[in-house]
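S.K.: Input file: run.cif. Contents: mmCIF, C-alpha atoms.
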data_run
#
loop_
_atom_site.group_PDB
_atom_site.id
_atom_site.type_symbol
_atom_site.label_atom_id
_atom_site.label_comp_id
_atom_site.auth_asym_id
_atom_site.auth_seq_id
_atom_site.Cartn_x
_atom_site.Cartn_y
_atom_site.Cartn_z
ATOM 1 C CA MET A 1 -15.062 -75.135 -59.511
ATOM 2 C CA ARG A 2 -15.765 -77.234 -56.424
ATOM 3 C CA ILE A 3 -12.881 -75.601 -54.577
ATOM 4 C CA LEU A 4 -14.120 -72.126 -55.527
ATOM 5 C CA SER A 5 -17.649 -72.982 -54.394
ATOM 6 C CA TRP A 6 -16.298 -74.297 -51.099
ATOM 7 C CA LEU A 7 -14.226 -71.150 -50.532
ATOM 8 C CA LEU A 8 -17.192 -68.913 -51.273
ATOM 9 C CA ALA A 9 -19.386 -70.883 -48.917
ATOM 10 C CA PHE A 10 -16.747 -70.739 -46.206
ATOM 11 C CA GLY A 11 -16.309 -67.016 -46.681
ATOM 12 C CA LEU A 12 -20.031 -66.379 -46.348
ATOM 13 C CA THR A 13 -20.179 -68.491 -43.192
ATOM 14 C CA ALA A 14 -17.137 -66.826 -41.671
ATOM 15 C CA ALA A 15 -18.475 -63.365 -42.468
ATOM 16 C CA THR A 16 -21.651 -63.936 -40.473
ATOM 17 C CA SER A 17 -19.944 -65.103 -37.264
ATOM 18 C CA ARG A 18 -19.560 -62.465 -34.574
ATOM 19 C CA VAL A 19 -17.454 -62.172 -31.431
ATOM 20 C CA VAL A 20 -18.266 -59.329 -29.028
ATOM 21 C CA THR A 21 -15.795 -58.656 -26.201
ATOM 22 C CA PHE A 22 -17.305 -55.278 -25.130
ATOM 23 C CA ASP A 23 -13.798 -53.808 -24.760
ATOM 24 C CA ASN A 24 -14.523 -50.954 -27.180
ATOM 25 C CA GLY A 25 -17.933 -50.194 -25.683
ATOM 26 C CA PRO A 26 -18.934 -46.933 -23.981
ATOM 27 C CA LEU A 27 -18.119 -47.274 -20.279
ATOM 28 C CA GLY A 28 -21.226 -46.867 -18.104
ATOM 29 C CA GLN A 29 -23.601 -47.150 -21.076
ATOM 30 C CA THR A 30 -25.394 -49.745 -23.211
ATOM 31 C CA PRO A 31 -23.485 -50.373 -26.467
ATOM 32 C CA PRO A 32 -25.348 -48.991 -29.499
ATOM 33 C CA GLU A 33 -25.631 -52.416 -31.188
ATOM 34 C CA TRP A 34 -27.716 -53.766 -28.285
ATOM 35 C CA THR A 35 -31.399 -53.169 -27.470
ATOM 36 C CA VAL A 36 -32.643 -53.317 -23.877
ATOM 37 C CA ALA A 37 -36.019 -54.945 -23.197
ATOM 38 C CA MET A 38 -37.831 -56.723 -20.370
ATOM 39 C CA THR A 39 -40.294 -59.562 -19.920
ATOM 40 C CA ASN A 40 -43.027 -58.708 -17.397
ATOM 41 C CA HIS A 41 -43.048 -55.706 -15.081
ATOM 42 C CA GLY A 42 -40.765 -54.143 -12.508
ATOM 43 C CA GLN A 43 -37.940 -51.666 -12.241
ATOM 44 C CA ALA A 44 -36.379 -50.862 -15.597
ATOM 45 C CA PRO A 45 -33.303 -52.913 -16.550
ATOM 46 C CA GLN A 46 -29.896 -51.272 -16.275
ATOM 47 C CA TRP A 47 -27.413 -52.731 -18.748
ATOM 48 C CA GLU A 48 -24.017 -51.039 -18.960
ATOM 49 C CA ILE A 49 -20.348 -51.555 -19.733
ATOM 50 C CA LEU A 50 -18.257 -51.990 -16.579
ATOM 51 C CA LYS A 51 -14.581 -52.560 -15.853
ATOM 52 C CA ASP A 52 -13.716 -56.025 -14.494
ATOM 53 C CA MET A 53 -10.094 -57.154 -14.526
ATOM 54 C CA SER A 54 -11.152 -60.762 -13.843
ATOM 55 C CA ALA A 55 -12.708 -60.995 -17.334
ATOM 56 C CA ALA A 56 -11.221 -63.308 -19.925
ATOM 57 C CA THR A 57 -10.958 -60.398 -22.350
ATOM 58 C CA GLN A 58 -10.040 -57.370 -20.252
ATOM 59 C CA PRO A 59 -10.887 -54.768 -19.238
ATOM 60 C CA TYR A 60 -14.638 -54.374 -19.916
ATOM 61 C CA VAL A 61 -17.748 -56.543 -19.450
ATOM 62 C CA PHE A 62 -21.462 -56.076 -20.128
ATOM 63 C CA ALA A 63 -23.512 -56.096 -16.917
ATOM 64 C CA GLN A 64 -27.112 -55.971 -15.744
ATOM 65 C CA VAL A 65 -26.854 -54.089 -12.438
ATOM 66 C CA SER A 66 -30.455 -53.293 -11.454
ATOM 67 C CA ALA A 67 -31.451 -55.392 -8.414
ATOM 68 C CA ASP A 68 -35.255 -55.192 -8.327
ATOM 69 C CA PRO A 69 -36.401 -58.387 -6.496
ATOM 70 C CA ALA A 70 -39.649 -58.838 -8.492
ATOM 71 C CA ARG A 71 -39.357 -62.556 -9.310
ATOM 72 C CA ASP A 72 -41.003 -62.514 -12.748
ATOM 73 C CA ARG A 73 -39.020 -59.498 -13.922
ATOM 74 C CA CYS A 74 -36.592 -60.565 -16.675
ATOM 75 C CA PRO A 75 -34.201 -57.937 -18.088
ATOM 76 C CA LEU A 76 -33.036 -58.595 -21.651
ATOM 77 C CA ALA A 77 -30.231 -57.246 -23.821
ATOM 78 C CA ILE A 78 -30.773 -58.178 -27.482
ATOM 79 C CA PHE A 79 -27.934 -58.115 -29.999
ATOM 80 C CA ASN A 80 -28.966 -56.358 -33.200
ATOM 81 C CA GLY A 81 -26.092 -57.640 -35.344
ATOM 82 C CA VAL A 82 -27.193 -61.227 -36.090
ATOM 83 C CA THR A 83 -30.423 -63.106 -36.791
ATOM 84 C CA PHE A 84 -30.513 -66.881 -37.125
ATOM 85 C CA ARG A 85 -32.670 -69.976 -36.898
ATOM 86 C CA ASP A 86 -29.878 -72.535 -36.533
ATOM 87 C CA GLY A 87 -26.472 -71.939 -35.052
ATOM 88 C CA ASP A 88 -24.374 -71.645 -31.924
ATOM 89 C CA VAL A 89 -24.385 -68.856 -29.361
ATOM 90 C CA SER A 90 -22.206 -68.673 -26.256
ATOM 91 C CA VAL A 91 -21.151 -66.277 -23.526
ATOM 92 C CA ARG A 92 -19.026 -66.114 -20.406
ATOM 93 C CA LEU A 93 -21.159 -65.182 -17.403
ATOM 94 C CA LYS A 94 -20.436 -64.269 -13.794
ATOM 95 C CA PRO A 95 -23.292 -64.137 -11.237
ATOM 96 C CA VAL A 96 -22.241 -61.331 -8.904
ATOM 97 C CA SER A 97 -25.104 -60.874 -6.436
ATOM 98 C CA GLY A 98 -28.784 -61.422 -5.717
ATOM 99 C CA ARG A 99 -30.694 -62.463 -2.607
ATOM 100 C CA GLU A 100 -33.631 -63.950 -4.518
ATOM 101 C CA VAL A 101 -31.800 -65.270 -7.576
ATOM 102 C CA GLN A 102 -28.298 -65.281 -9.033
ATOM 103 C CA ALA A 103 -28.761 -66.246 -12.657
ATOM 104 C CA GLY A 104 -27.901 -65.408 -16.221
ATOM 105 C CA GLY A 105 -28.876 -66.809 -19.564
ATOM 106 C CA LEU A 106 -28.816 -66.876 -23.346
ATOM 107 C CA VAL A 107 -31.805 -66.036 -25.547
ATOM 108 C CA TRP A 108 -32.282 -67.246 -29.129
ATOM 109 C CA ARG A 109 -34.973 -67.121 -31.826
ATOM 110 C CA TYR A 110 -36.121 -63.942 -30.105
ATOM 111 C CA ARG A 111 -39.266 -62.441 -31.635
ATOM 112 C CA ASP A 112 -40.063 -59.881 -28.963
ATOM 113 C CA GLU A 113 -39.775 -59.500 -25.201
ATOM 114 C CA ASN A 114 -42.554 -62.044 -24.653
ATOM 115 C CA ASN A 115 -41.575 -64.777 -27.146
ATOM 116 C CA TYR A 116 -38.186 -66.534 -27.295
ATOM 117 C CA TYR A 117 -36.135 -69.510 -26.133
ATOM 118 C CA LEU A 118 -33.979 -69.280 -23.019
ATOM 119 C CA ALA A 119 -31.130 -71.292 -21.482
ATOM 120 C CA ARG A 120 -30.663 -70.269 -17.830
ATOM 121 C CA ALA A 121 -27.776 -70.954 -15.437
ATOM 122 C CA ASN A 122 -28.701 -70.447 -11.755
ATOM 123 C CA ALA A 123 -25.925 -70.146 -9.154
ATOM 124 C CA LEU A 124 -28.152 -70.324 -6.058
ATOM 125 C CA GLN A 125 -30.172 -73.324 -7.222
ATOM 126 C CA LYS A 126 -27.063 -74.866 -8.822
ATOM 127 C CA ASN A 127 -28.787 -75.905 -12.021
ATOM 128 C CA VAL A 128 -29.212 -75.245 -15.724
ATOM 129 C CA GLN A 129 -32.557 -75.325 -17.531
ATOM 130 C CA VAL A 130 -34.118 -74.516 -20.907
ATOM 131 C CA PHE A 131 -37.426 -72.672 -21.310
ATOM 132 C CA LYS A 132 -39.676 -71.297 -23.971
ATOM 133 C CA VAL A 133 -41.096 -67.890 -23.141
ATOM 134 C CA GLU A 134 -44.444 -67.664 -24.920
ATOM 135 C CA ASN A 135 -46.775 -64.695 -24.471
ATOM 136 C CA GLY A 136 -44.648 -63.640 -21.490
ATOM 137 C CA ARG A 137 -44.985 -66.985 -19.677
ATOM 138 C CA ARG A 138 -41.845 -69.021 -18.954
ATOM 139 C CA VAL A 139 -42.437 -72.745 -19.566
ATOM 140 C CA PRO A 140 -39.743 -75.428 -19.016
ATOM 141 C CA ILE A 141 -39.095 -77.602 -22.061
ATOM 142 C CA MET A 142 -36.418 -79.724 -20.356
ATOM 143 C CA GLU A 143 -35.923 -80.907 -16.803
ATOM 144 C CA ALA A 144 -33.372 -78.867 -14.867
ATOM 145 C CA VAL A 145 -29.929 -80.457 -14.623
ATOM 146 C CA ARG A 146 -27.920 -79.982 -11.456
ATOM 147 C CA HIS A 147 -24.657 -78.197 -12.191
ATOM 148 C CA GLU A 148 -22.328 -76.082 -10.081
ATOM 149 C CA ILE A 149 -22.495 -72.430 -11.188
ATOM 150 C CA PRO A 150 -20.001 -70.520 -9.032
ATOM 151 C CA SER A 151 -20.879 -67.047 -7.745
ATOM 152 C CA ASN A 152 -18.353 -64.303 -8.482
ATOM 153 C CA ALA A 153 -16.548 -66.539 -10.954
ATOM 154 C CA TRP A 154 -16.784 -67.045 -14.690
ATOM 155 C CA SER A 155 -18.517 -69.930 -16.477
ATOM 156 C CA ILE A 156 -19.160 -70.510 -20.190
ATOM 157 C CA LEU A 157 -22.739 -71.146 -21.322
ATOM 158 C CA LYS A 158 -23.371 -72.294 -24.897
ATOM 159 C CA VAL A 159 -26.475 -73.226 -26.893
ATOM 160 C CA SER A 160 -26.464 -75.156 -30.175
ATOM 161 C CA ALA A 161 -29.783 -74.953 -32.083
ATOM 162 C CA ARG A 162 -30.608 -77.179 -35.061
ATOM 163 C CA GLY A 163 -34.251 -77.246 -36.126
ATOM 164 C CA ASN A 164 -36.293 -78.350 -33.119
ATOM 165 C CA ARG A 165 -33.269 -79.794 -31.263
ATOM 166 C CA PHE A 166 -31.327 -77.795 -28.675
ATOM 167 C CA GLN A 167 -28.112 -78.741 -26.910
ATOM 168 C CA VAL A 168 -26.735 -76.831 -23.931
ATOM 169 C CA TYR A 169 -23.118 -76.829 -22.797
ATOM 170 C CA MET A 170 -21.446 -75.564 -19.634
ATOM 171 C CA ASP A 171 -17.689 -75.020 -19.810
ATOM 172 C CA HIS A 172 -17.525 -77.001 -23.082
ATOM 173 C CA ARG A 173 -19.366 -80.051 -21.700
ATOM 174 C CA ARG A 174 -22.830 -80.930 -22.989
ATOM 175 C CA ILE A 175 -25.262 -81.251 -20.096
ATOM 176 C CA LEU A 176 -28.703 -80.914 -21.737
ATOM 177 C CA GLN A 177 -30.470 -81.936 -24.917
ATOM 178 C CA GLY A 178 -34.115 -81.495 -25.813
ATOM 179 C CA TRP A 179 -36.668 -80.732 -28.509
ATOM 180 C CA ASP A 180 -39.358 -78.116 -29.060
ATOM 181 C CA SER A 181 -41.105 -76.753 -32.169
ATOM 182 C CA THR A 182 -42.805 -73.608 -30.861
ATOM 183 C CA PHE A 183 -40.478 -71.094 -32.567
ATOM 184 C CA MET A 184 -39.170 -72.517 -35.836
ATOM 185 C CA THR A 185 -38.249 -69.338 -37.700
ATOM 186 C CA GLY A 186 -35.187 -67.158 -37.294
ATOM 187 C CA GLY A 187 -34.826 -64.552 -34.590
ATOM 188 C CA LYS A 188 -32.296 -62.513 -32.713
ATOM 189 C CA VAL A 189 -30.041 -63.632 -29.872
ATOM 190 C CA GLY A 190 -29.209 -61.978 -26.585
ATOM 191 C CA LEU A 191 -28.654 -62.036 -22.834
ATOM 192 C CA TRP A 192 -31.056 -62.489 -19.924
ATOM 193 C CA THR A 193 -31.220 -62.052 -16.149
ATOM 194 C CA VAL A 194 -34.048 -62.331 -13.624
ATOM 195 C CA ALA A 195 -35.302 -60.587 -10.457
ATOM 196 C CA ASP A 196 -32.437 -59.101 -8.395
ATOM 197 C CA SER A 197 -29.655 -60.936 -10.249
ATOM 198 C CA VAL A 198 -26.647 -58.734 -10.899
ATOM 199 C CA THR A 199 -24.776 -60.635 -13.591
ATOM 200 C CA TYR A 200 -21.730 -59.833 -15.729
ATOM 201 C CA PHE A 201 -21.226 -61.105 -19.295
ATOM 202 C CA ASP A 202 -18.200 -61.221 -21.590
ATOM 203 C CA ASP A 203 -16.967 -62.825 -24.812
ATOM 204 C CA PHE A 204 -20.368 -63.136 -26.543
ATOM 205 C CA ARG A 205 -20.075 -65.362 -29.649
ATOM 206 C CA VAL A 206 -22.617 -66.077 -32.397
ATOM 207 C CA LEU A 207 -22.153 -68.517 -35.267
ATOM 208 C CA PRO A 208 -25.165 -69.022 -37.575
ATOM 209 C CA ARG A 209 -25.268 -72.356 -39.424
#
Would it be possible to restate this file's structure as structure tokens?
M.R.:
Amino acid sequence: MRILSWLLAFGLTAATSRVVTFDNGPLGQTPPEWTVAMTNHGQAPQWEILKDMSAATQPYVFAQVSADPARDRCPLAIFNGVTFRDGDVSVRLKPVSGREVQAGGLVWRYRDENNYYLARANALQKNVQVFKVENGRRVPIMEAVRHEIPSNAWSILKVSARGNRFQVYMDHRRILQGWDSTFMTGGKVGLWTVADSVTYFDDFRVLPR
């Protein structure tokens, strides 16, 4: 009976994990399982599937290609397939261009475009930081950690959320840990850019716990 219970539990856990490589997505369009949104005002986001043979899983990636330099403008792509409170979410990201900013990030416990948690990797400032976005205002909840984020090259960003504790990893190495209790219920997960950042994403993974 214990073995059966363990197998059932494992099967339920395995069934909820998702890996999105974007390789079957509609080229030049936003995949149907994603919703585009934006925090604050500016030119509308432009999320689309592009071809990039440097990707870990070729040939396609998911990219935000609009380059409006409004600094508080934050394009979002929210994945509709999974909702969780606790779990792991990761993505490969490649900052491609941006005069003001070259950044990309992961969003979790997303309620709407003005309320969510964010882990941001910034190639120009060479750092990683965690924020809460509450009522459209981005507030740091951890001090930024200096870390090399190469432009036009791929890095892996991962967030592990357990209750009010968050851990952030770059390329499989933990570089940040902190606590916050603003958003303690489940929400969606997704991708984030800012200002004129043109950023590519690939190999999006979600594992609820």
S.K.: Taking the file as shown, what set of residues would the PyMOL selection byres ((chain A and resi 94) around 9) give back, as a list in words?
M.R.: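 This file, filtered by the PyMOL selection byres ((chain A and resi 94) around 9), leaves Arg92, Leu93, Pro95, Val96, Ala103, Gly104, Ile149, Pro150, Ser151, Asn152, Ala153, Trp154, Ser155, Val198, Thr199, Tyr200, Phe201 and Asp202 of chain A.
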S.K.: Pick out the closest residue to Ala67 of chain A from this set: A:Val101, A:Leu191, A:Leu157, A:Ala37. Count only C-alpha atoms.
M.R.: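 The answer is A:Val101, which sits nearest to Ala67 of chain A.
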S.K.: Give the answer as one residue: which of A:Gln64, A:Val89, A:Ala56, A:His41 has the shortest atom-to-atom distance to Gln29 of chain A, using all atoms listed in the file?
M.R.: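 Among the listed residues, the smallest separation from Gln29 of chain A belongs to A:Gln64.
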S.K.: Around all the atoms of segment 139-155 of chain A listed in the file, draw an axis-aligned box and extend it by 4 Å on each of the six sides; I want its centre and edge lengths in Å to one decimal, as lines of an AutoDock Vina configuration file.
M.R.:
center_x = -29.5
center_y = -72.6
center_z = -14.9
size_x = 33.9
size_y = 24.6
size_z = 22.3
S.K.: Specify as a list in words each residue included when the PyMOL selection byres ((chain A and resi 86) around 10) is applied to this file.
M.R.: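 When the PyMOL selection byres ((chain A and resi 86) around 10) is applied, the selected residues are Thr83, Phe84, Arg85, Gly87, Asp88, Val89, Trp108, Arg109, Ser160, Ala161, Arg162, Gly163, Asn164, Arg165, Phe166, Met184, Thr185, Gly186, Gly187, Leu207, Pro208 and Arg209 of chain A.
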